[in-house]
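Here the structure comes first, spelled out in structure tokens, and everything after it is commentary.
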Amino acid sequence: MIELIVVISIVGTLLLFSFPLFSDLNLFSDSKGGVGDIVRLINDLKKRAVEQNIDFLLHLDTGSGMIWVADDTMDDEAREAAEERGVHFPENLSLLDVEFPGFRQSDAVNYQIRFRSEGYSDFALIHLTKEEKNITLKIEPFLSHVQLIERHIYFDDCI
């Protein structure tokens, strides 16, 4: 009986320390990627910016339907290479726009969201459409995870 209690306490302790690793797993993501991949990328950029002490820029291009990452240590040639390695949005997912506080509708094609090494990011709402379903990804400056909202929201609605 004592051996069983010891084994259970050891397994419980191991699970306690490994639980933060399981929080990054998304067991219910869609098989075709898309929104779940973008959410994981944003969460990863927030962590990496602090860990590596580098500012990262997430580029979202509505014209070409591409997404890529650059950082402040890159020169122009490295930034162009990062853009060439960018990933296209899946066919069933389209980027409508990115909204920042004070700028609701913009004619911009290429949006940039900055993730700072100090642990915060730009406040942004990414408006997507997936299979005719509206989705908003809400990136808050001081929260570690992006919030997925299954409709379009705007900063005007929040005030």
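The chains in the structure tokens are called A, B, ... from first to last as shown; in each chain the residues are counted from 1, and the ligands are counted from 1 in the order shown.
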Surrounding residues of range 52-69 of chain A excluding itself and chain neighbours under 6 positions, 9 Å, only C-alpha atoms, as a PyMOL selection string: chain A and resi 38+42+45-46+79+82-90+94-98+108-118
Write down as a PyMOL selection string the residues belonging to range 3-159 of chain A that are assigned alpha helix (DSSP H) by DSSP computed on the backbone. chain A and resi 3-22+35-52+76-84+155-158
Pick from A:Leu93, A:Val11, A:Ile135, A:Ala49, whichever lies nearest to Gln147 in chain A using only C-alpha atoms: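 Closest candidate: A:Ile135.
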List every residue of chain A that DSSP, applied to the backbone, labels as strand (DSSP E or B), and write the result as a PyMOL selection string. chain A and resi 56-61+66-71+87-88+93-100+103+110-115+121+124-130+133-139+147-149
Would you mind exporting C-alpha atoms of the selected residues as a PDB file, in the first residue's frame?
```pdb
ATOM      1  CA  PHE A  56       9.345  40.147 -33.930  1.00  0.00           C
ATOM      2  CA  LEU A  57       7.058  41.449 -36.674  1.00  0.00           C
ATOM      3  CA  LEU A  58       4.198  39.315 -37.947  1.00  0.00           C
ATOM      4  CA  HIS A  59       3.365  40.345 -41.522  1.00  0.00           C
ATOM      5  CA  LEU A  60      -0.136  39.661 -42.841  1.00  0.00           C
ATOM      6  CA  ASP A  61      -0.685  40.440 -46.527  1.00  0.00           C
ATOM      7  CA  MET A  66       0.493  35.369 -47.159  1.00  0.00           C
ATOM      8  CA  ILE A  67       1.841  35.441 -43.626  1.00  0.00           C
ATOM      9  CA  TRP A  68       5.508  35.655 -42.601  1.00  0.00           C
ATOM     10  CA  VAL A  69       7.714  36.613 -39.665  1.00  0.00           C
ATOM     11  CA  ALA A  70      10.660  38.998 -39.490  1.00  0.00           C
ATOM     12  CA  ASP A  71      12.675  40.394 -36.590  1.00  0.00           C
ATOM     13  CA  VAL A  87       3.106  30.753 -46.059  1.00  0.00           C
ATOM     14  CA  HIS A  88      -0.121  31.200 -48.011  1.00  0.00           C
ATOM     15  CA  LEU A  93      -9.431  30.787 -45.020  1.00  0.00           C
ATOM     16  CA  SER A  94      -9.214  34.420 -46.069  1.00  0.00           C
ATOM     17  CA  LEU A  95      -7.770  37.426 -44.268  1.00  0.00           C
ATOM     18  CA  LEU A  96     -10.103  40.420 -44.460  1.00  0.00           C
ATOM     19  CA  ASP A  97      -8.140  42.999 -42.490  1.00  0.00           C
ATOM     20  CA  VAL A  98      -6.329  43.792 -39.263  1.00  0.00           C
ATOM     21  CA  GLU A  99      -7.737  46.462 -36.971  1.00  0.00           C
ATOM     22  CA  PHE A 100      -5.672  48.517 -34.550  1.00  0.00           C
ATOM     23  CA  PHE A 103      -7.804  52.609 -37.253  1.00  0.00           C
ATOM     24  CA  ASN A 110       0.338  44.545 -45.677  1.00  0.00           C
ATOM     25  CA  TYR A 111      -0.292  44.678 -41.935  1.00  0.00           C
ATOM     26  CA  GLN A 112       2.419  44.353 -39.292  1.00  0.00           C
ATOM     27  CA  ILE A 113       1.906  43.285 -35.692  1.00  0.00           C
ATOM     28  CA  ARG A 114       4.886  43.793 -33.384  1.00  0.00           C
ATOM     29  CA  PHE A 115       5.749  41.435 -30.535  1.00  0.00           C
ATOM     30  CA  SER A 121       2.581  43.205 -28.273  1.00  0.00           C
ATOM     31  CA  ALA A 124      -4.897  44.089 -32.769  1.00  0.00           C
ATOM     32  CA  LEU A 125      -7.985  42.351 -34.080  1.00  0.00           C
ATOM     33  CA  ILE A 126      -7.405  40.031 -37.043  1.00  0.00           C
ATOM     34  CA  HIS A 127     -10.596  39.518 -39.049  1.00  0.00           C
ATOM     35  CA  LEU A 128     -10.769  36.227 -40.935  1.00  0.00           C
ATOM     36  CA  THR A 129     -13.410  34.322 -42.839  1.00  0.00           C
ATOM     37  CA  LYS A 130     -13.314  30.527 -42.883  1.00  0.00           C
ATOM     38  CA  LYS A 133     -17.853  31.874 -41.034  1.00  0.00           C
ATOM     39  CA  ASN A 134     -16.573  35.090 -39.453  1.00  0.00           C
ATOM     40  CA  ILE A 135     -13.681  34.778 -36.997  1.00  0.00           C
ATOM     41  CA  THR A 136     -11.727  37.389 -35.041  1.00  0.00           C
ATOM     42  CA  LEU A 137      -8.371  36.778 -33.390  1.00  0.00           C
ATOM     43  CA  LYS A 138      -7.937  39.236 -30.530  1.00  0.00           C
ATOM     44  CA  ILE A 139      -4.327  39.982 -29.593  1.00  0.00           C
ATOM     45  CA  GLN A 147      -8.339  34.955 -27.973  1.00  0.00           C
ATOM     46  CA  LEU A 148     -10.385  33.302 -30.747  1.00  0.00           C
ATOM     47  CA  ILE A 149     -13.861  34.796 -31.191  1.00  0.00           C
TER      48      ILE A 149
END
```
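Picture a line from CA of Glu51 in chain A to CA of Pro101 in chain A; it runs 27.1 Å.
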State, in Å with one decimal place, the distance from CA of Glu140 in chain A to CA of Ala81 in chain A.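 Separating CA of Glu140 in chain A from CA of Ala81 in chain A is a distance of 28.7 Å.
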For CA of Asp75 in chain A and CA of Gly34 in chain A, determine how far apart the two atoms are, in Å to one decimal place.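 Result for CA of Asp75 in chain A versus CA of Gly34 in chain A: 29.0 Å, one decimal.
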Find the residue from A:Ser9, A:Asn92, A:Asn43, A:Thr73 that sits nearest to Gly119 in chain A; use only C-alpha atoms when measuring. A:Asn43
